[in-house]
Amino acid sequence: MSTTAELRVDRPMESSIHPAQGGITEVNHPLIQVHLTRLRNKTTQPSLFRASVTRLATLLAYEATKDLCLSKTMIETPLTETPGVELSQRVGLVPILRAGLGMVDPVLELLPMAEVWHLGLYRDEETAQPVRYYDNLPPQHPVDVAIVLDPMLATGGSAMAALMTLREWGVKQVKVVSLIASREGVDAVAAQFPEAQIFVCKIDPVLNDRKYIVPGLGDAGDRIFNTVRSH
Ligand code: PRP
Ligand code: URA
């Protein structure tokens with residue numbers, strides 16, 4: 001038997017930005033740098049690419065979930081009764097199809113009770129503007145916290161379209177978890193959605209004339225799903 005009580009735990013803040021107020025966190029960790037190097041390397045084959053996405057998504061999700069709220073609960077170990085905690089917020093993972101799918105399973109491993117709400121967006125190759133093709137959000141009862149998953153934040157157009165959808169749904173707390181962002185894209189998202197908490201492994205300096213991130217890693221969806229066109 002267990003009893004629960006609402007609790008907002010005090011958390012040590014390791015980032016210089018208070019995530020609850022939004023802002024950009026570039027997570028600088030040796031393991032992130034190592035796995036990111038594999039991800040960027042053009043000789044990395046799809047299986048290792050997917051494994052690297054998994055590892056990086058796990059490491060980023062650990063950072064991105066540091067401020068989730070808890071409620072107290074009492075449990076019994078085999079020896080005695082003892083206090084514990086459980087998550088007290090409804091969390092929704094919002095992968096942007098298709099590349100965001102590669103990040104869902106590792107984050108669900110950490111948050112097995114999370115809901116998954118898919119958004120279908122692709123970038124028009126000529127204009128680099130996001131085109132919405134799938135959205136299955138229910139009209140009511142938004143989650144308390146939404147975590148947008150997409151490996152790449154280039155112009156920021158896809159992330160902003162997703163955040164606009166979540167704002168319309170009524171989500172109070174929004175997070176964006178991306179493996180690589182461009183400086184201009186992440187700044188644009190932060191300016192347009194100052195309430196969003198953005199977590200990335202690395203902010204790369206530029207976009208090329210096709211709006212790809214440089215140095216980047218190429219097309220994340222194609223590398224995850226082994227659909228690189230030069231085959
Ligand atoms: C990629 C990526 C992001 C978007 C980023 O998706 O996964 O969704 O581009 O670019 P932006 O910040 O300029 O919007 P893509 O359109 O290639 O679709 P895919 O995931 O189906 O490959
Ligand atoms: N989408 C990708 O997959 N990579 C980029 O560099 C830009 C958009």
# chains A, B, ... in the order shown; residues from 1 in each chain; ligands from 1
>>> residues_near_ligand(ligand="ligand 1", cutoff="10 Å", atoms="only C-alpha atoms and all ligand atoms", output="ChimeraX atom specification")
/A:95-102,119-125,127-131,149-162,178,180-182,184-186,188-189,207,210-213,218-225,227-228
>>> select_by_dssp(residues="stretch 7-220 of chain A", states="strand (DSSP E)", output="compact mmCIF listing (two decimals) with all heavy atoms, in the first residue's frame")
# COMPACT_ATOMS: atom_id res chain seq x y z
N LEU A 7 4.89 17.26 -3.72
CA LEU A 7 6.21 17.71 -3.28
C LEU A 7 6.94 18.30 -4.45
O LEU A 7 7.00 17.69 -5.52
CB LEU A 7 7.00 16.52 -2.74
CG LEU A 7 8.50 16.70 -2.51
CD1 LEU A 7 8.71 17.53 -1.25
CD2 LEU A 7 9.15 15.35 -2.34
N GLY A 23 15.52 28.79 -21.76
CA GLY A 23 16.93 29.07 -22.03
C GLY A 23 17.60 27.89 -22.68
O GLY A 23 17.01 26.82 -22.85
N ILE A 24 18.83 28.13 -23.07
CA ILE A 24 19.57 27.14 -23.84
C ILE A 24 20.64 26.50 -22.95
O ILE A 24 21.43 27.21 -22.34
CB ILE A 24 20.26 27.81 -25.04
CG1 ILE A 24 19.23 28.55 -25.91
CG2 ILE A 24 21.03 26.79 -25.87
CD1 ILE A 24 19.86 29.57 -26.86
N THR A 25 20.63 25.18 -22.88
CA THR A 25 21.67 24.47 -22.14
C THR A 25 22.44 23.58 -23.10
O THR A 25 21.87 22.67 -23.70
CB THR A 25 21.05 23.61 -21.01
OG1 THR A 25 20.26 24.46 -20.17
CG2 THR A 25 22.13 22.95 -20.18
N GLU A 26 23.72 23.87 -23.26
CA GLU A 26 24.60 23.01 -24.08
C GLU A 26 25.30 22.09 -23.09
O GLU A 26 26.07 22.56 -22.25
CB GLU A 26 25.60 23.90 -24.83
CG GLU A 26 26.41 23.18 -25.88
CD GLU A 26 27.33 24.15 -26.62
OE1 GLU A 26 27.77 25.17 -26.02
OE2 GLU A 26 27.65 23.88 -27.79
N LEU A 70 8.08 15.88 -8.03
CA LEU A 70 7.88 14.58 -7.38
C LEU A 70 6.80 14.68 -6.33
O LEU A 70 6.54 15.77 -5.79
CB LEU A 70 9.19 14.15 -6.69
CG LEU A 70 10.41 14.01 -7.59
CD1 LEU A 70 11.64 13.70 -6.75
CD2 LEU A 70 10.19 12.91 -8.62
N SER A 71 6.19 13.56 -6.04
CA SER A 71 5.31 13.49 -4.87
C SER A 71 5.86 12.41 -3.94
O SER A 71 6.50 11.45 -4.38
CB SER A 71 3.87 13.18 -5.28
OG SER A 71 3.84 12.02 -6.07
N LYS A 72 5.61 12.64 -2.65
CA LYS A 72 6.09 11.68 -1.66
C LYS A 72 5.21 10.44 -1.66
O LYS A 72 4.01 10.53 -1.91
CB LYS A 72 6.04 12.31 -0.27
CG LYS A 72 7.12 13.31 0.01
CD LYS A 72 6.94 13.84 1.43
CE LYS A 72 7.96 14.91 1.75
NZ LYS A 72 7.60 15.64 2.98
N THR A 73 5.82 9.32 -1.36
CA THR A 73 5.05 8.11 -1.21
C THR A 73 5.70 7.25 -0.13
O THR A 73 6.90 7.39 0.13
CB THR A 73 4.96 7.34 -2.54
OG1 THR A 73 4.11 6.22 -2.38
CG2 THR A 73 6.31 6.88 -3.03
N MET A 74 4.91 6.44 0.52
CA MET A 74 5.47 5.49 1.50
C MET A 74 5.43 4.10 0.88
O MET A 74 4.42 3.70 0.30
CB MET A 74 4.66 5.51 2.80
CG MET A 74 4.83 6.76 3.63
SD MET A 74 6.54 7.08 4.15
CE MET A 74 6.84 5.70 5.25
N ILE A 75 6.51 3.38 1.00
CA ILE A 75 6.56 2.01 0.49
C ILE A 75 7.12 1.10 1.59
O ILE A 75 7.62 1.58 2.61
CB ILE A 75 7.46 1.90 -0.77
CG1 ILE A 75 8.87 2.43 -0.46
CG2 ILE A 75 6.84 2.62 -1.94
CD1 ILE A 75 9.94 1.70 -1.19
N GLU A 76 7.04 -0.17 1.32
CA GLU A 76 7.66 -1.12 2.26
C GLU A 76 8.76 -1.86 1.54
O GLU A 76 8.53 -2.44 0.46
CB GLU A 76 6.62 -2.09 2.79
CG GLU A 76 5.66 -1.46 3.76
CD GLU A 76 4.58 -2.42 4.20
OE1 GLU A 76 4.83 -3.65 4.19
OE2 GLU A 76 3.49 -1.96 4.55
N GLU A 81 9.01 -0.14 6.49
CA GLU A 81 8.36 0.94 5.75
C GLU A 81 9.39 2.06 5.56
O GLU A 81 10.21 2.33 6.46
CB GLU A 81 7.18 1.46 6.56
CG GLU A 81 6.21 2.26 5.74
CD GLU A 81 4.98 2.67 6.56
OE1 GLU A 81 5.17 3.14 7.70
OE2 GLU A 81 3.87 2.51 6.05
N THR A 82 9.34 2.74 4.39
CA THR A 82 10.29 3.84 4.16
C THR A 82 9.68 4.82 3.18
O THR A 82 8.89 4.42 2.31
CB THR A 82 11.65 3.29 3.63
OG1 THR A 82 12.61 4.35 3.61
CG2 THR A 82 11.52 2.75 2.21
N PRO A 83 10.04 6.12 3.30
CA PRO A 83 9.51 7.08 2.34
C PRO A 83 10.23 6.97 1.00
O PRO A 83 11.40 6.62 0.93
CB PRO A 83 9.80 8.44 3.00
CG PRO A 83 10.89 8.20 3.98
CD PRO A 83 10.84 6.75 4.37
N GLY A 84 9.49 7.29 -0.05
CA GLY A 84 10.07 7.34 -1.40
C GLY A 84 9.38 8.45 -2.18
O GLY A 84 8.64 9.25 -1.62
N VAL A 85 9.64 8.49 -3.47
CA VAL A 85 9.02 9.52 -4.32
C VAL A 85 8.58 8.89 -5.63
O VAL A 85 9.07 7.83 -6.04
CB VAL A 85 10.01 10.68 -4.64
CG1 VAL A 85 10.35 11.47 -3.40
CG2 VAL A 85 11.25 10.17 -5.34
N GLU A 86 7.64 9.58 -6.29
CA GLU A 86 7.27 9.22 -7.66
C GLU A 86 7.01 10.51 -8.44
O GLU A 86 6.76 11.56 -7.84
CB GLU A 86 6.07 8.28 -7.68
CG GLU A 86 4.87 8.80 -6.94
CD GLU A 86 3.84 7.70 -6.67
OE1 GLU A 86 4.18 6.51 -6.74
OE2 GLU A 86 2.68 8.06 -6.41
N LEU A 87 7.07 10.43 -9.77
CA LEU A 87 6.82 11.63 -10.57
C LEU A 87 5.37 12.05 -10.40
O LEU A 87 4.46 11.21 -10.40
CB LEU A 87 7.11 11.35 -12.05
CG LEU A 87 8.58 11.16 -12.43
CD1 LEU A 87 8.69 10.81 -13.91
CD2 LEU A 87 9.38 12.41 -12.11
N VAL A 91 3.97 13.62 -18.27
CA VAL A 91 5.02 14.00 -19.22
C VAL A 91 4.67 13.44 -20.59
O VAL A 91 4.29 12.27 -20.71
CB VAL A 91 6.40 13.47 -18.77
CG1 VAL A 91 7.48 13.86 -19.77
CG2 VAL A 91 6.75 13.98 -17.38
N GLY A 92 4.81 14.26 -21.62
CA GLY A 92 4.58 13.82 -22.99
C GLY A 92 5.85 13.95 -23.81
O GLY A 92 6.49 15.00 -23.80
N LEU A 93 6.23 12.89 -24.49
CA LEU A 93 7.33 12.97 -25.44
C LEU A 93 6.72 13.30 -26.79
O LEU A 93 5.71 12.70 -27.20
CB LEU A 93 8.08 11.64 -25.52
CG LEU A 93 8.55 11.04 -24.19
CD1 LEU A 93 9.37 9.77 -24.45
CD2 LEU A 93 9.34 12.06 -23.40
N VAL A 94 7.32 14.26 -27.49
CA VAL A 94 6.77 14.71 -28.77
C VAL A 94 7.86 14.59 -29.83
O VAL A 94 8.56 15.57 -30.13
CB VAL A 94 6.25 16.16 -28.67
CG1 VAL A 94 5.57 16.57 -29.97
CG2 VAL A 94 5.28 16.31 -27.50
N PRO A 95 8.04 13.39 -30.40
CA PRO A 95 9.03 13.24 -31.46
C PRO A 95 8.54 13.89 -32.74
O PRO A 95 7.37 13.77 -33.10
CB PRO A 95 9.15 11.72 -31.61
CG PRO A 95 7.83 11.18 -31.15
CD PRO A 95 7.35 12.13 -30.08
N ILE A 96 9.44 14.59 -33.42
CA ILE A 96 9.12 15.12 -34.75
C ILE A 96 9.55 14.08 -35.77
O ILE A 96 10.73 13.69 -35.83
CB ILE A 96 9.84 16.47 -35.00
CG1 ILE A 96 9.40 17.50 -33.94
CG2 ILE A 96 9.54 16.96 -36.41
CD1 ILE A 96 10.02 18.88 -34.12
N LEU A 97 8.56 13.60 -36.54
CA LEU A 97 8.84 12.59 -37.57
C LEU A 97 9.68 13.22 -38.67
O LEU A 97 9.46 14.40 -38.99
CB LEU A 97 7.54 12.06 -38.15
CG LEU A 97 6.52 11.49 -37.13
CD1 LEU A 97 5.23 11.09 -37.85
CD2 LEU A 97 7.11 10.33 -36.37
N GLU A 115 3.69 9.72 -22.03
CA GLU A 115 2.85 9.56 -23.22
C GLU A 115 3.68 9.96 -24.43
O GLU A 115 4.59 10.79 -24.31
CB GLU A 115 1.63 10.50 -23.10
CG GLU A 115 0.80 10.21 -21.87
CD GLU A 115 -0.22 11.32 -21.57
OE1 GLU A 115 -0.65 12.03 -22.50
OE2 GLU A 115 -0.58 11.46 -20.39
N VAL A 116 3.37 9.41 -25.59
CA VAL A 116 4.10 9.78 -26.81
C VAL A 116 3.12 10.35 -27.81
O VAL A 116 2.16 9.66 -28.21
CB VAL A 116 4.85 8.57 -27.41
CG1 VAL A 116 5.67 9.01 -28.62
CG2 VAL A 116 5.77 7.92 -26.37
N LEU A 119 4.42 14.25 -33.98
CA LEU A 119 4.14 15.35 -34.91
C LEU A 119 4.91 15.06 -36.20
O LEU A 119 6.10 14.79 -36.16
CB LEU A 119 4.63 16.69 -34.35
CG LEU A 119 3.88 17.29 -33.16
CD1 LEU A 119 4.47 18.66 -32.82
CD2 LEU A 119 2.39 17.43 -33.48
N GLY A 120 4.18 15.14 -37.32
CA GLY A 120 4.83 14.91 -38.61
C GLY A 120 5.16 16.23 -39.28
O GLY A 120 4.27 17.02 -39.61
N LEU A 121 6.46 16.50 -39.43
CA LEU A 121 6.92 17.72 -40.11
C LEU A 121 8.10 17.35 -40.99
O LEU A 121 8.96 16.58 -40.57
CB LEU A 121 7.42 18.75 -39.08
CG LEU A 121 6.42 19.36 -38.10
CD1 LEU A 121 7.16 20.04 -36.96
CD2 LEU A 121 5.56 20.38 -38.83
N TYR A 122 8.11 17.86 -42.20
CA TYR A 122 9.35 17.72 -42.98
C TYR A 122 9.71 19.08 -43.54
O TYR A 122 8.86 19.96 -43.67
CB TYR A 122 9.21 16.67 -44.09
CG TYR A 122 8.31 17.08 -45.23
CD1 TYR A 122 8.81 17.80 -46.32
CD2 TYR A 122 6.95 16.76 -45.23
CE1 TYR A 122 7.99 18.19 -47.36
CE2 TYR A 122 6.12 17.15 -46.26
CZ TYR A 122 6.65 17.86 -47.32
OH TYR A 122 5.84 18.26 -48.34
N ARG A 123 10.98 19.24 -43.85
CA ARG A 123 11.44 20.51 -44.41
C ARG A 123 11.32 20.47 -45.92
O ARG A 123 11.83 19.56 -46.57
CB ARG A 123 12.93 20.73 -44.08
CG ARG A 123 13.15 21.35 -42.78
CD ARG A 123 14.53 21.92 -42.58
NE ARG A 123 15.61 21.52 -43.44
CZ ARG A 123 16.80 22.08 -43.41
NH1 ARG A 123 17.04 23.08 -42.58
NH2 ARG A 123 17.76 21.68 -44.20
N PRO A 130 9.14 24.30 -42.68
CA PRO A 130 8.52 23.05 -42.23
C PRO A 130 7.13 22.87 -42.84
O PRO A 130 6.37 23.83 -42.97
CB PRO A 130 8.42 23.23 -40.72
CG PRO A 130 8.44 24.70 -40.48
CD PRO A 130 9.23 25.31 -41.61
N VAL A 131 6.86 21.64 -43.24
CA VAL A 131 5.53 21.29 -43.77
C VAL A 131 4.93 20.27 -42.81
O VAL A 131 5.55 19.25 -42.51
CB VAL A 131 5.65 20.67 -45.19
CG1 VAL A 131 4.26 20.28 -45.71
CG2 VAL A 131 6.37 21.61 -46.13
N ARG A 132 3.74 20.59 -42.31
CA ARG A 132 3.09 19.73 -41.32
C ARG A 132 2.28 18.66 -42.05
O ARG A 132 1.47 18.99 -42.90
CB ARG A 132 2.18 20.61 -40.49
CG ARG A 132 1.73 20.05 -39.19
CD ARG A 132 1.33 21.22 -38.32
NE ARG A 132 0.07 20.96 -37.67
CZ ARG A 132 -0.41 21.74 -36.72
NH1 ARG A 132 0.24 22.82 -36.35
NH2 ARG A 132 -1.54 21.45 -36.15
N TYR A 133 2.49 17.39 -41.73
CA TYR A 133 1.71 16.35 -42.41
C TYR A 133 1.05 15.38 -41.44
O TYR A 133 0.30 14.51 -41.85
CB TYR A 133 2.57 15.59 -43.43
CG TYR A 133 3.74 14.82 -42.86
CD1 TYR A 133 3.61 13.49 -42.47
CD2 TYR A 133 4.98 15.42 -42.73
CE1 TYR A 133 4.68 12.78 -41.95
CE2 TYR A 133 6.07 14.72 -42.21
CZ TYR A 133 5.90 13.41 -41.83
OH TYR A 133 6.98 12.72 -41.31
N TYR A 134 1.33 15.49 -40.14
CA TYR A 134 0.67 14.58 -39.19
C TYR A 134 0.63 15.23 -37.81
O TYR A 134 1.63 15.81 -37.36
CB TYR A 134 1.40 13.24 -39.11
CG TYR A 134 0.72 12.26 -38.18
CD1 TYR A 134 -0.42 11.59 -38.57
CD2 TYR A 134 1.23 12.03 -36.90
CE1 TYR A 134 -1.06 10.71 -37.71
CE2 TYR A 134 0.60 11.14 -36.04
CZ TYR A 134 -0.54 10.49 -36.46
OH TYR A 134 -1.16 9.62 -35.60
N ASP A 135 -0.52 15.14 -37.17
CA ASP A 135 -0.69 15.72 -35.84
C ASP A 135 -1.89 15.03 -35.23
O ASP A 135 -2.99 15.12 -35.74
CB ASP A 135 -0.94 17.23 -36.00
CG ASP A 135 -1.42 17.89 -34.71
OD1 ASP A 135 -1.64 17.19 -33.71
OD2 ASP A 135 -1.58 19.13 -34.73
N VAL A 145 4.09 18.53 -18.91
CA VAL A 145 5.42 18.83 -19.46
C VAL A 145 5.56 18.11 -20.79
O VAL A 145 5.32 16.90 -20.86
CB VAL A 145 6.54 18.32 -18.52
CG1 VAL A 145 7.91 18.71 -19.05
CG2 VAL A 145 6.35 18.81 -17.11
N ALA A 146 5.93 18.85 -21.84
CA ALA A 146 6.16 18.22 -23.14
C ALA A 146 7.64 18.30 -23.48
O ALA A 146 8.27 19.35 -23.29
CB ALA A 146 5.33 18.91 -24.23
N ILE A 147 8.17 17.20 -23.97
CA ILE A 147 9.58 17.16 -24.36
C ILE A 147 9.64 16.88 -25.86
O ILE A 147 9.35 15.75 -26.30
CB ILE A 147 10.36 16.09 -23.58
CG1 ILE A 147 10.17 16.28 -22.06
CG2 ILE A 147 11.84 16.13 -23.96
CD1 ILE A 147 10.87 15.23 -21.20
N VAL A 148 9.97 17.90 -26.64
CA VAL A 148 10.09 17.75 -28.10
C VAL A 148 11.41 17.06 -28.40
O VAL A 148 12.47 17.47 -27.90
CB VAL A 148 10.04 19.13 -28.80
CG1 VAL A 148 10.26 18.98 -30.31
CG2 VAL A 148 8.72 19.83 -28.51
N LEU A 149 11.33 16.01 -29.21
CA LEU A 149 12.54 15.26 -29.56
C LEU A 149 12.81 15.39 -31.04
O LEU A 149 11.96 15.04 -31.87
CB LEU A 149 12.36 13.77 -29.21
CG LEU A 149 12.03 13.43 -27.74
CD1 LEU A 149 11.74 11.95 -27.60
CD2 LEU A 149 13.18 13.86 -26.83
N MET A 152 18.00 17.23 -34.87
CA MET A 152 18.61 18.40 -35.50
C MET A 152 17.72 19.64 -35.35
O MET A 152 16.52 19.60 -35.59
CB MET A 152 18.82 18.15 -37.01
CG MET A 152 19.58 16.89 -37.33
SD MET A 152 21.19 16.82 -36.55
CE MET A 152 22.19 17.77 -37.69
N LEU A 153 18.35 20.75 -34.96
CA LEU A 153 17.64 22.04 -34.91
C LEU A 153 18.47 22.96 -35.81
O LEU A 153 19.51 23.47 -35.38
CB LEU A 153 17.58 22.53 -33.46
CG LEU A 153 16.65 23.67 -33.11
CD1 LEU A 153 16.38 23.71 -31.61
CD2 LEU A 153 17.20 25.00 -33.57
N GLN A 173 4.67 23.63 -19.65
CA GLN A 173 6.13 23.57 -19.62
C GLN A 173 6.62 22.79 -20.83
O GLN A 173 6.17 21.65 -21.06
CB GLN A 173 6.58 22.88 -18.32
CG GLN A 173 8.06 23.09 -18.03
CD GLN A 173 8.52 22.39 -16.75
OE1 GLN A 173 7.72 21.80 -16.02
NE2 GLN A 173 9.81 22.48 -16.47
N VAL A 174 7.52 23.42 -21.59
CA VAL A 174 7.98 22.77 -22.82
C VAL A 174 9.50 22.70 -22.84
O VAL A 174 10.19 23.65 -22.44
CB VAL A 174 7.48 23.50 -24.10
CG1 VAL A 174 6.02 23.22 -24.33
CG2 VAL A 174 7.75 24.98 -24.03
N LYS A 175 9.99 21.59 -23.32
CA LYS A 175 11.42 21.37 -23.44
C LYS A 175 11.70 20.89 -24.86
O LYS A 175 10.88 20.17 -25.44
CB LYS A 175 11.90 20.29 -22.46
CG LYS A 175 11.64 20.62 -20.99
CD LYS A 175 11.83 19.37 -20.12
CE LYS A 175 11.44 19.63 -18.67
NZ LYS A 175 12.51 20.28 -17.91
N VAL A 176 12.84 21.29 -25.40
CA VAL A 176 13.28 20.79 -26.71
C VAL A 176 14.62 20.09 -26.48
O VAL A 176 15.53 20.68 -25.90
CB VAL A 176 13.47 21.94 -27.72
CG1 VAL A 176 13.99 21.41 -29.06
CG2 VAL A 176 12.16 22.70 -27.93
N VAL A 177 14.68 18.84 -26.92
CA VAL A 177 15.92 18.09 -26.76
C VAL A 177 16.43 17.73 -28.16
O VAL A 177 15.78 16.98 -28.89
CB VAL A 177 15.69 16.82 -25.91
CG1 VAL A 177 16.96 15.97 -25.86
CG2 VAL A 177 15.25 17.20 -24.50
N SER A 178 17.56 18.32 -28.54
CA SER A 178 18.15 18.09 -29.86
C SER A 178 19.62 17.76 -29.70
O SER A 178 20.28 18.26 -28.78
CB SER A 178 18.03 19.35 -30.74
OG SER A 178 16.69 19.56 -31.13
N LEU A 179 20.13 16.94 -30.60
CA LEU A 179 21.54 16.55 -30.48
C LEU A 179 22.45 17.68 -30.95
O LEU A 179 23.40 18.05 -30.28
CB LEU A 179 21.81 15.26 -31.25
CG LEU A 179 20.89 14.09 -30.86
CD1 LEU A 179 21.32 12.82 -31.58
CD2 LEU A 179 20.88 13.87 -29.34
N ILE A 180 22.15 18.25 -32.13
CA ILE A 180 22.96 19.35 -32.66
C ILE A 180 22.03 20.49 -33.08
O ILE A 180 20.99 20.25 -33.71
CB ILE A 180 23.79 18.90 -33.89
CG1 ILE A 180 24.72 17.73 -33.51
CG2 ILE A 180 24.63 20.07 -34.43
CD1 ILE A 180 25.58 17.22 -34.66
N ALA A 181 22.43 21.70 -32.74
CA ALA A 181 21.68 22.89 -33.16
C ALA A 181 22.64 23.82 -33.91
O ALA A 181 23.86 23.74 -33.73
CB ALA A 181 21.11 23.62 -31.95
N SER A 182 22.08 24.69 -34.70
CA SER A 182 22.91 25.79 -35.24
C SER A 182 22.72 26.99 -34.32
O SER A 182 21.67 27.13 -33.68
CB SER A 182 22.47 26.17 -36.66
OG SER A 182 21.28 26.94 -36.61
N GLN A 197 12.64 25.36 -22.63
CA GLN A 197 13.95 24.94 -22.13
C GLN A 197 14.58 24.08 -23.24
O GLN A 197 14.03 23.04 -23.60
CB GLN A 197 13.80 24.12 -20.86
CG GLN A 197 13.07 24.83 -19.74
CD GLN A 197 12.64 23.85 -18.67
OE1 GLN A 197 11.46 23.65 -18.45
NE2 GLN A 197 13.58 23.21 -18.01
N ILE A 198 15.72 24.52 -23.73
CA ILE A 198 16.34 23.85 -24.88
C ILE A 198 17.63 23.17 -24.42
O ILE A 198 18.50 23.80 -23.82
CB ILE A 198 16.66 24.86 -26.00
CG1 ILE A 198 15.38 25.65 -26.37
CG2 ILE A 198 17.23 24.17 -27.22
CD1 ILE A 198 15.66 26.84 -27.27
N PHE A 199 17.74 21.88 -24.71
CA PHE A 199 18.92 21.11 -24.31
C PHE A 199 19.56 20.53 -25.57
O PHE A 199 18.89 19.86 -26.36
CB PHE A 199 18.53 19.97 -23.37
CG PHE A 199 17.96 20.46 -22.06
CD1 PHE A 199 16.61 20.77 -21.96
CD2 PHE A 199 18.77 20.65 -20.95
CE1 PHE A 199 16.08 21.24 -20.77
CE2 PHE A 199 18.24 21.12 -19.76
CZ PHE A 199 16.90 21.42 -19.67
N VAL A 200 20.84 20.81 -25.75
CA VAL A 200 21.55 20.30 -26.92
C VAL A 200 22.92 19.77 -26.49
O VAL A 200 23.46 20.18 -25.46
CB VAL A 200 21.75 21.39 -28.00
CG1 VAL A 200 20.41 21.90 -28.51
CG2 VAL A 200 22.58 22.55 -27.48
N CYS A 201 23.46 18.87 -27.33
CA CYS A 201 24.84 18.43 -27.08
C CYS A 201 25.81 19.50 -27.55
O CYS A 201 26.83 19.74 -26.91
CB CYS A 201 25.14 17.15 -27.86
SG CYS A 201 24.12 15.76 -27.42
N LYS A 202 25.51 20.10 -28.70
CA LYS A 202 26.46 21.05 -29.27
C LYS A 202 25.74 22.07 -30.15
O LYS A 202 24.82 21.72 -30.89
CB LYS A 202 27.47 20.28 -30.14
CG LYS A 202 28.69 21.06 -30.53
CD LYS A 202 29.61 21.30 -29.35
CE LYS A 202 30.70 22.30 -29.68
NZ LYS A 202 31.35 22.81 -28.46
N ILE A 203 26.19 23.31 -30.05
CA ILE A 203 25.71 24.35 -30.97
C ILE A 203 26.80 24.57 -32.01
O ILE A 203 27.91 24.98 -31.66
CB ILE A 203 25.39 25.65 -30.21
CG1 ILE A 203 24.30 25.40 -29.17
CG2 ILE A 203 24.97 26.75 -31.20
CD1 ILE A 203 24.05 26.57 -28.23
N ASP A 204 26.48 24.26 -33.26
CA ASP A 204 27.45 24.45 -34.35
C ASP A 204 27.32 25.87 -34.90
O ASP A 204 26.26 26.49 -34.81
CB ASP A 204 27.19 23.43 -35.47
CG ASP A 204 27.75 22.06 -35.14
OD1 ASP A 204 28.36 21.90 -34.07
OD2 ASP A 204 27.57 21.14 -35.96
N VAL A 206 27.42 27.44 -38.04
CA VAL A 206 26.76 27.99 -39.24
C VAL A 206 25.83 26.99 -39.93
O VAL A 206 25.90 25.79 -39.69
CB VAL A 206 27.80 28.46 -40.30
CG1 VAL A 206 28.47 29.73 -39.87
CG2 VAL A 206 28.80 27.38 -40.62
N LEU A 207 24.98 27.54 -40.79
CA LEU A 207 24.19 26.76 -41.75
C LEU A 207 24.79 27.00 -43.13
O LEU A 207 25.25 28.12 -43.42
CB LEU A 207 22.74 27.24 -41.76
CG LEU A 207 21.93 27.05 -40.47
CD1 LEU A 207 20.59 27.78 -40.58
CD2 LEU A 207 21.72 25.58 -40.19
N ILE A 213 23.29 22.11 -41.16
CA ILE A 213 24.19 22.53 -40.09
C ILE A 213 25.62 22.11 -40.44
O ILE A 213 25.87 20.98 -40.88
CB ILE A 213 23.78 21.89 -38.75
CG1 ILE A 213 22.34 22.31 -38.38
CG2 ILE A 213 24.75 22.26 -37.65
CD1 ILE A 213 21.77 21.58 -37.17
N VAL A 214 26.57 23.04 -40.26
CA VAL A 214 27.99 22.79 -40.53
C VAL A 214 28.79 23.06 -39.26
O VAL A 214 28.63 24.12 -38.65
CB VAL A 214 28.49 23.69 -41.68
CG1 VAL A 214 29.95 23.37 -41.98
CG2 VAL A 214 27.63 23.52 -42.95
>>> closest_residue(among="A:Pro215, A:Asn226, A:Asn136, A:Pro30", to="ligand 2", atoms="only C-alpha atoms and all ligand atoms")
A:Pro215
>>> residues_around(residues="A:Leu56", least_positions_apart="3", cutoff="8 Å", atoms="only C-alpha atoms", output="mmCIF file with C-alpha atoms, in the first residue's frame")
data_model
loop_
_atom_site.group_PDB
_atom_site.id
_atom_site.type_symbol
_atom_site.label_atom_id
_atom_site.label_comp_id
_atom_site.auth_asym_id
_atom_site.auth_seq_id
_atom_site.Cartn_x
_atom_site.Cartn_y
_atom_site.Cartn_z
ATOM 1 C CA ILE A 32 28.610 13.315 -25.065
ATOM 2 C CA HIS A 35 29.440 9.753 -28.948
ATOM 3 C CA LEU A 36 28.878 12.974 -30.878
ATOM 4 C CA SER A 52 25.011 6.796 -30.782
ATOM 5 C CA VAL A 53 21.671 8.602 -31.087
ATOM 6 C CA LEU A 59 22.457 11.574 -21.607
ATOM 7 C CA LEU A 60 20.505 14.651 -22.717
ATOM 8 C CA LEU A 179 21.542 16.553 -30.479
ATOM 9 C CA CYS A 201 24.838 18.429 -27.084
#
>>> atom_distance(atom1="atom CA of A:Pro138", atom2="atom CA of A:Trp169")
8.2 Å
>>> select_by_dssp(residues="stretch 23-89 of chain A", states="alpha helix (DSSP H)", output="JSON, numbers by chain")
{"A": [30, 31, 32, 33, 34, 35, 36, 37, 38, 39, 40, 46, 47, 48, 49, 50, 51, 52, 53, 54, 55, 56, 57, 58, 59, 60, 61, 62, 63, 64]}
>>> atom_distance(atom1="atom CA of A:Asp144", atom2="atom CA of A:Leu166")
10.9 Å
>>> atom_distance(atom1="atom CA of A:Leu108", atom2="atom CA of A:Thr165")
21.7 Å
